[in-house]
Amino acid sequence: MKAVIQRVRDASVSVDGKVTGKIGHGLLVYFGLGVEDEEWMLRPFLEKLVKLRIFEDENDKMNLSVDKFGSEILFISQFTLYGDCVHGNRPGFDAAMNPVRAEQYYEKGIEILRELGYRTECGVFGAHMEVRYMNDGPVTFILDSRDMKLRKN
């Protein structure tokens, strides 16, 4: 699992000119799944994501997580996070999870975020999406499950 996490002032996603998700101040998360990912990994990965202290406190120190700052997340599926750009000039996607399974995991991820109490908006899996946002900072982080010591419960 990979996530590109951006702190935003506002963000929206549209499909065919229709807004499918919109948030105010919160997190824009591009979320990709790899062939080695398993469903049990979703919860600990997403719990880590929402606990990241990337919003400033009253002393301008990154000390607050999204739950202390409005709890809004725009969650966008993005298989291109698993694009291999090392070999040749056309990215390869052999490391990306197959779309049928990836959509199930993506939907489960949305469900988990909402269960955890976050207002979660989203795009449309597999669709051509237009994402608009104002990055706040800019502040952008990358979270990769391969770098984490995830444990199966």
# chains A, B, ... in the order shown; residues from 1 in each chain; ligands from 1

call {"tool": "residues_around", "arguments": {"residues": "range 33-49 of chain A", "least_positions_apart": "6", "cutoff": "8 Å", "atoms": "only C-alpha atoms", "output": "JSON list (two decimals) with C-alpha atoms, in the first residue's frame"}}
result
[["chain", "number", "residue", "atom", "x", "y", "z"],
["A", 1, "MET", "CA", 0.00, 0.00, 0.00],
["A", 2, "LYS", "CA", 1.16, 3.46, -0.79],
["A", 79, "PHE", "CA", -2.81, 2.73, -9.24],
["A", 82, "TYR", "CA", 2.87, 1.51, -8.39],
["A", 95, "ALA", "CA", 3.43, -4.32, -9.17],
["A", 96, "ALA", "CA", -0.09, -2.81, -9.02],
["A", 97, "MET", "CA", -2.92, -4.93, -7.64],
["A", 98, "ASN", "CA", -5.46, -6.19, -10.19],
["A", 102, "ALA", "CA", -8.03, -3.23, -5.68],
["A", 105, "TYR", "CA", -9.79, -2.93, -0.90],
["A", 108, "LYS", "CA", -13.02, -1.25, 2.41],
["A", 109, "GLY", "CA", -10.52, 1.54, 3.08],
["A", 112, "ILE", "CA", -12.61, 1.90, 7.70],
["A", 113, "LEU", "CA", -11.93, 5.64, 7.57],
["A", 143, "LEU", "CA", 3.47, 6.40, 3.41],
["A", 145, "SER", "CA", 3.38, -0.27, 3.83],
["A", 150, "LEU", "CA", 2.45, -4.08, 10.10],
["A", 151, "ARG", "CA", 1.21, -6.94, 12.25],
["A", 152, "LYS", "CA", -1.71, -9.20, 11.55]]

call {"tool": "residues_around", "arguments": {"residues": "Glu72 in chain A", "least_positions_apart": "3", "cutoff": "10 Å", "atoms": "only C-alpha atoms", "output": "ChimeraX atom specification"}}
result
/A:8,10,22-28,66-67,69,75,117-121

call {"tool": "write_last_selection", "arguments": {"atoms": "C-alpha atoms", "output": "short mmCIF file (atom, residue, chain, number, x, y, z; two decimals), in the first residue's frame"}}
result
data_model
loop_
_atom_site.label_atom_id
_atom_site.label_comp_id
_atom_site.auth_asym_id
_atom_site.auth_seq_id
_atom_site.Cartn_x
_atom_site.Cartn_y
_atom_site.Cartn_z
CA VAL A 8 -4.91 20.92 1.90
CA ASP A 10 -9.68 22.52 0.26
CA LYS A 22 -15.26 17.74 -1.78
CA ILE A 23 -13.61 18.71 1.50
CA GLY A 24 -12.43 21.81 3.32
CA HIS A 25 -9.25 21.91 5.39
CA GLY A 26 -8.00 18.33 5.76
CA LEU A 27 -6.11 15.61 3.92
CA LEU A 28 -6.01 14.73 0.24
CA VAL A 66 -6.39 15.28 11.12
CA ASP A 67 -8.79 14.29 13.92
CA PHE A 69 -8.23 19.51 12.69
CA PHE A 75 -9.53 9.59 -0.61
CA GLY A 117 -14.96 8.81 12.53
CA TYR A 118 -13.51 10.69 9.57
CA ARG A 119 -15.69 12.50 7.05
CA THR A 120 -14.37 10.72 3.97
CA GLU A 121 -15.16 11.86 0.44
#

call {"tool": "select_by_dssp", "arguments": {"residues": "range 21-50 of chain A", "states": "strand (DSSP E)", "output": "PDB file with all heavy atoms, in the first residue's frame"}}
result
ATOM      1  N   GLY A  21     -16.671  14.293  -4.777  1.00  0.00           N
ATOM      2  CA  GLY A  21     -16.160  14.447  -3.427  1.00  0.00           C
ATOM      3  C   GLY A  21     -15.549  15.815  -3.247  1.00  0.00           C
ATOM      4  O   GLY A  21     -14.922  16.348  -4.159  1.00  0.00           O
ATOM      5  N   LYS A  22     -15.762  16.389  -2.047  1.00  0.00           N
ATOM      6  CA  LYS A  22     -15.258  17.736  -1.777  1.00  0.00           C
ATOM      7  C   LYS A  22     -15.052  17.888  -0.281  1.00  0.00           C
ATOM      8  O   LYS A  22     -15.894  17.467   0.509  1.00  0.00           O
ATOM      9  CB  LYS A  22     -16.271  18.763  -2.267  1.00  0.00           C
ATOM     10  CG  LYS A  22     -15.839  20.195  -2.115  1.00  0.00           C
ATOM     11  CD  LYS A  22     -16.876  21.125  -2.721  1.00  0.00           C
ATOM     12  CE  LYS A  22     -16.383  22.554  -2.588  1.00  0.00           C
ATOM     13  NZ  LYS A  22     -17.268  23.493  -3.259  1.00  0.00           N
ATOM     14  N   ILE A  23     -13.892  18.457   0.099  1.00  0.00           N
ATOM     15  CA  ILE A  23     -13.607  18.712   1.503  1.00  0.00           C
ATOM     16  C   ILE A  23     -13.079  20.127   1.688  1.00  0.00           C
ATOM     17  O   ILE A  23     -12.624  20.754   0.731  1.00  0.00           O
ATOM     18  CB  ILE A  23     -12.588  17.710   2.094  1.00  0.00           C
ATOM     19  CG1 ILE A  23     -11.211  17.849   1.423  1.00  0.00           C
ATOM     20  CG2 ILE A  23     -13.116  16.289   2.030  1.00  0.00           C
ATOM     21  CD1 ILE A  23     -10.083  17.138   2.147  1.00  0.00           C
ATOM     22  N   GLY A  26      -8.164  19.733   5.375  1.00  0.00           N
ATOM     23  CA  GLY A  26      -8.001  18.334   5.756  1.00  0.00           C
ATOM     24  C   GLY A  26      -6.899  17.670   4.966  1.00  0.00           C
ATOM     25  O   GLY A  26      -5.897  18.300   4.637  1.00  0.00           O
ATOM     26  N   LEU A  27      -7.117  16.396   4.636  1.00  0.00           N
ATOM     27  CA  LEU A  27      -6.115  15.612   3.922  1.00  0.00           C
ATOM     28  C   LEU A  27      -6.633  15.156   2.566  1.00  0.00           C
ATOM     29  O   LEU A  27      -7.745  14.631   2.464  1.00  0.00           O
ATOM     30  CB  LEU A  27      -5.735  14.356   4.716  1.00  0.00           C
ATOM     31  CG  LEU A  27      -5.065  14.556   6.060  1.00  0.00           C
ATOM     32  CD1 LEU A  27      -4.815  13.202   6.725  1.00  0.00           C
ATOM     33  CD2 LEU A  27      -3.759  15.330   5.921  1.00  0.00           C
ATOM     34  N   LEU A  28      -5.804  15.339   1.550  1.00  0.00           N
ATOM     35  CA  LEU A  28      -6.014  14.730   0.244  1.00  0.00           C
ATOM     36  C   LEU A  28      -5.085  13.525   0.210  1.00  0.00           C
ATOM     37  O   LEU A  28      -3.870  13.666   0.406  1.00  0.00           O
ATOM     38  CB  LEU A  28      -5.663  15.713  -0.871  1.00  0.00           C
ATOM     39  CG  LEU A  28      -5.556  15.155  -2.284  1.00  0.00           C
ATOM     40  CD1 LEU A  28      -6.862  14.507  -2.730  1.00  0.00           C
ATOM     41  CD2 LEU A  28      -5.137  16.253  -3.257  1.00  0.00           C
ATOM     42  N   VAL A  29      -5.669  12.345   0.012  1.00  0.00           N
ATOM     43  CA  VAL A  29      -4.883  11.113   0.034  1.00  0.00           C
ATOM     44  C   VAL A  29      -5.040  10.396  -1.300  1.00  0.00           C
ATOM     45  O   VAL A  29      -6.138  10.020  -1.692  1.00  0.00           O
ATOM     46  CB  VAL A  29      -5.340  10.177   1.177  1.00  0.00           C
ATOM     47  CG1 VAL A  29      -4.542   8.874   1.149  1.00  0.00           C
ATOM     48  CG2 VAL A  29      -5.207  10.872   2.528  1.00  0.00           C
ATOM     49  N   TYR A  30      -3.906  10.226  -2.008  1.00  0.00           N
ATOM     50  CA  TYR A  30      -3.861   9.371  -3.188  1.00  0.00           C
ATOM     51  C   TYR A  30      -3.444   8.002  -2.685  1.00  0.00           C
ATOM     52  O   TYR A  30      -2.404   7.867  -2.029  1.00  0.00           O
ATOM     53  CB  TYR A  30      -2.857   9.895  -4.204  1.00  0.00           C
ATOM     54  CG  TYR A  30      -3.238  11.219  -4.806  1.00  0.00           C
ATOM     55  CD1 TYR A  30      -2.574  12.395  -4.451  1.00  0.00           C
ATOM     56  CD2 TYR A  30      -4.265  11.308  -5.745  1.00  0.00           C
ATOM     57  CE1 TYR A  30      -2.917  13.615  -5.017  1.00  0.00           C
ATOM     58  CE2 TYR A  30      -4.621  12.524  -6.309  1.00  0.00           C
ATOM     59  CZ  TYR A  30      -3.934  13.664  -5.929  1.00  0.00           C
ATOM     60  OH  TYR A  30      -4.288  14.861  -6.484  1.00  0.00           O
ATOM     61  N   PHE A  31      -4.228   6.969  -2.994  1.00  0.00           N
ATOM     62  CA  PHE A  31      -4.055   5.652  -2.387  1.00  0.00           C
ATOM     63  C   PHE A  31      -3.886   4.594  -3.467  1.00  0.00           C
ATOM     64  O   PHE A  31      -4.724   4.465  -4.357  1.00  0.00           O
ATOM     65  CB  PHE A  31      -5.293   5.348  -1.534  1.00  0.00           C
ATOM     66  CG  PHE A  31      -5.272   4.034  -0.827  1.00  0.00           C
ATOM     67  CD1 PHE A  31      -4.394   3.807   0.221  1.00  0.00           C
ATOM     68  CD2 PHE A  31      -6.148   3.034  -1.189  1.00  0.00           C
ATOM     69  CE1 PHE A  31      -4.388   2.593   0.893  1.00  0.00           C
ATOM     70  CE2 PHE A  31      -6.154   1.818  -0.523  1.00  0.00           C
ATOM     71  CZ  PHE A  31      -5.269   1.602   0.515  1.00  0.00           C
ATOM     72  N   GLY A  32      -2.777   3.840  -3.379  1.00  0.00           N
ATOM     73  CA  GLY A  32      -2.516   2.787  -4.347  1.00  0.00           C
ATOM     74  C   GLY A  32      -2.260   1.461  -3.655  1.00  0.00           C
ATOM     75  O   GLY A  32      -1.766   1.423  -2.524  1.00  0.00           O
TER      76      GLY A  32
END

call {"tool": "atom_distance", "arguments": {"atom1": "CA of Leu64 in chain A", "atom2": "CA of Pro138 in chain A"}}
result
16.1 Å

call {"tool": "closest_residue", "arguments": {"among": "A:Pro91, A:Gly17, A:Pro99, A:Gly70", "to": "His128 in chain A", "atoms": "only C-alpha atoms"}}
result
A:Gly17

call {"tool": "select_by_dssp", "arguments": {"residues": "range 6-153 of chain A", "states": "alpha helix (DSSP H)", "output": "ChimeraX atom specification"}}
result
/A:42-51,99-115

call {"tool": "closest_residue", "arguments": {"among": "A:Ile110, A:Leu52, A:Leu81, A:Leu74", "to": "Val19 in chain A", "atoms": "only C-alpha atoms"}}
result
A:Leu74

call {"tool": "closest_residue", "arguments": {"among": "A:Asn63, A:Glu58, A:Val4, A:Ile76", "to": "Ala127 in chain A", "atoms": "only C-alpha atoms"}}
result
A:Ile76

call {"tool": "decode", "arguments": {"residues": "range 32-58 of chain A", "atoms": "N, CA and C atoms", "output": "PDB file, in the first residue's frame"}}
result
ATOM      1  N   GLY A  32      -2.777   3.840  -3.379  1.00  0.00           N
ATOM      2  CA  GLY A  32      -2.516   2.787  -4.347  1.00  0.00           C
ATOM      3  C   GLY A  32      -2.260   1.461  -3.655  1.00  0.00           C
ATOM      4  N   LEU A  33      -2.596   0.394  -4.340  1.00  0.00           N
ATOM      5  CA  LEU A  33      -2.455  -0.957  -3.794  1.00  0.00           C
ATOM      6  C   LEU A  33      -1.545  -1.797  -4.677  1.00  0.00           C
ATOM      7  N   GLY A  34      -0.689  -2.580  -4.017  1.00  0.00           N
ATOM      8  CA  GLY A  34       0.242  -3.435  -4.733  1.00  0.00           C
ATOM      9  C   GLY A  34      -0.158  -4.897  -4.672  1.00  0.00           C
ATOM     10  N   VAL A  35       0.445  -5.695  -5.525  1.00  0.00           N
ATOM     11  CA  VAL A  35       0.101  -7.121  -5.620  1.00  0.00           C
ATOM     12  C   VAL A  35       0.350  -7.869  -4.310  1.00  0.00           C
ATOM     13  N   GLU A  36       1.251  -7.399  -3.484  1.00  0.00           N
ATOM     14  CA  GLU A  36       1.587  -8.091  -2.240  1.00  0.00           C
ATOM     15  C   GLU A  36       0.714  -7.670  -1.061  1.00  0.00           C
ATOM     16  N   ASP A  37      -0.137  -6.673  -1.239  1.00  0.00           N
ATOM     17  CA  ASP A  37      -0.965  -6.185  -0.141  1.00  0.00           C
ATOM     18  C   ASP A  37      -2.079  -7.167   0.192  1.00  0.00           C
ATOM     19  N   GLU A  38      -2.409  -7.217   1.477  1.00  0.00           N
ATOM     20  CA  GLU A  38      -3.487  -8.077   1.955  1.00  0.00           C
ATOM     21  C   GLU A  38      -4.511  -7.220   2.693  1.00  0.00           C
ATOM     22  N   GLU A  39      -5.749  -7.705   2.734  1.00  0.00           N
ATOM     23  CA  GLU A  39      -6.837  -6.908   3.316  1.00  0.00           C
ATOM     24  C   GLU A  39      -6.579  -6.544   4.774  1.00  0.00           C
ATOM     25  N   TRP A  40      -5.994  -7.438   5.559  1.00  0.00           N
ATOM     26  CA  TRP A  40      -5.759  -7.160   6.973  1.00  0.00           C
ATOM     27  C   TRP A  40      -4.841  -5.950   7.174  1.00  0.00           C
ATOM     28  N   MET A  41      -4.060  -5.579   6.158  1.00  0.00           N
ATOM     29  CA  MET A  41      -3.120  -4.467   6.265  1.00  0.00           C
ATOM     30  C   MET A  41      -3.819  -3.109   6.237  1.00  0.00           C
ATOM     31  N   LEU A  42      -5.035  -3.066   5.716  1.00  0.00           N
ATOM     32  CA  LEU A  42      -5.734  -1.797   5.554  1.00  0.00           C
ATOM     33  C   LEU A  42      -5.884  -1.017   6.858  1.00  0.00           C
ATOM     34  N   ARG A  43      -6.442  -1.649   7.882  1.00  0.00           N
ATOM     35  CA  ARG A  43      -6.727  -0.930   9.130  1.00  0.00           C
ATOM     36  C   ARG A  43      -5.471  -0.337   9.768  1.00  0.00           C
ATOM     37  N   PRO A  44      -4.400  -1.124  10.003  1.00  0.00           N
ATOM     38  CA  PRO A  44      -3.221  -0.500  10.626  1.00  0.00           C
ATOM     39  C   PRO A  44      -2.587   0.582   9.748  1.00  0.00           C
ATOM     40  N   PHE A  45      -2.629   0.392   8.439  1.00  0.00           N
ATOM     41  CA  PHE A  45      -2.077   1.388   7.526  1.00  0.00           C
ATOM     42  C   PHE A  45      -2.861   2.699   7.633  1.00  0.00           C
ATOM     43  N   LEU A  46      -4.189   2.608   7.589  1.00  0.00           N
ATOM     44  CA  LEU A  46      -5.026   3.803   7.639  1.00  0.00           C
ATOM     45  C   LEU A  46      -5.022   4.447   9.025  1.00  0.00           C
ATOM     46  N   GLU A  47      -4.917   3.632  10.066  1.00  0.00           N
ATOM     47  CA  GLU A  47      -4.799   4.194  11.412  1.00  0.00           C
ATOM     48  C   GLU A  47      -3.523   5.012  11.547  1.00  0.00           C
ATOM     49  N   LYS A  48      -2.431   4.526  10.970  1.00  0.00           N
ATOM     50  CA  LYS A  48      -1.173   5.277  10.972  1.00  0.00           C
ATOM     51  C   LYS A  48      -1.339   6.577  10.196  1.00  0.00           C
ATOM     52  N   LEU A  49      -1.965   6.505   9.047  1.00  0.00           N
ATOM     53  CA  LEU A  49      -2.160   7.675   8.193  1.00  0.00           C
ATOM     54  C   LEU A  49      -2.893   8.790   8.939  1.00  0.00           C
ATOM     55  N   VAL A  50      -3.984   8.462   9.612  1.00  0.00           N
ATOM     56  CA  VAL A  50      -4.781   9.504  10.268  1.00  0.00           C
ATOM     57  C   VAL A  50      -4.145   9.995  11.560  1.00  0.00           C
ATOM     58  N   LYS A  51      -3.178   9.259  12.102  1.00  0.00           N
ATOM     59  CA  LYS A  51      -2.499   9.685  13.328  1.00  0.00           C
ATOM     60  C   LYS A  51      -1.289  10.583  13.054  1.00  0.00           C
ATOM     61  N   LEU A  52      -0.906  10.704  11.788  1.00  0.00           N
ATOM     62  CA  LEU A  52       0.245  11.550  11.462  1.00  0.00           C
ATOM     63  C   LEU A  52      -0.022  12.984  11.919  1.00  0.00           C
ATOM     64  N   ARG A  53       0.912  13.527  12.670  1.00  0.00           N
ATOM     65  CA  ARG A  53       0.765  14.892  13.198  1.00  0.00           C
ATOM     66  C   ARG A  53       1.386  15.867  12.203  1.00  0.00           C
ATOM     67  N   ILE A  54       0.570  16.300  11.262  1.00  0.00           N
ATOM     68  CA  ILE A  54       1.078  17.135  10.170  1.00  0.00           C
ATOM     69  C   ILE A  54       0.368  18.489  10.068  1.00  0.00           C
ATOM     70  N   PHE A  55      -0.468  18.799  11.061  1.00  0.00           N
ATOM     71  CA  PHE A  55      -1.111  20.117  11.132  1.00  0.00           C
ATOM     72  C   PHE A  55      -0.471  20.906  12.268  1.00  0.00           C
ATOM     73  N   GLU A  56      -0.346  22.226  12.061  1.00  0.00           N
ATOM     74  CA  GLU A  56       0.318  23.059  13.066  1.00  0.00           C
ATOM     75  C   GLU A  56      -0.569  23.346  14.263  1.00  0.00           C
ATOM     76  N   ASP A  57       0.075  23.387  15.424  1.00  0.00           N
ATOM     77  CA  ASP A  57      -0.599  23.800  16.643  1.00  0.00           C
ATOM     78  C   ASP A  57      -0.475  25.322  16.783  1.00  0.00           C
ATOM     79  N   GLU A  58      -0.853  25.847  17.954  1.00  0.00           N
ATOM     80  CA  GLU A  58      -0.809  27.298  18.182  1.00  0.00           C
ATOM     81  C   GLU A  58       0.603  27.862  18.152  1.00  0.00           C
TER      82      GLU A  58
END
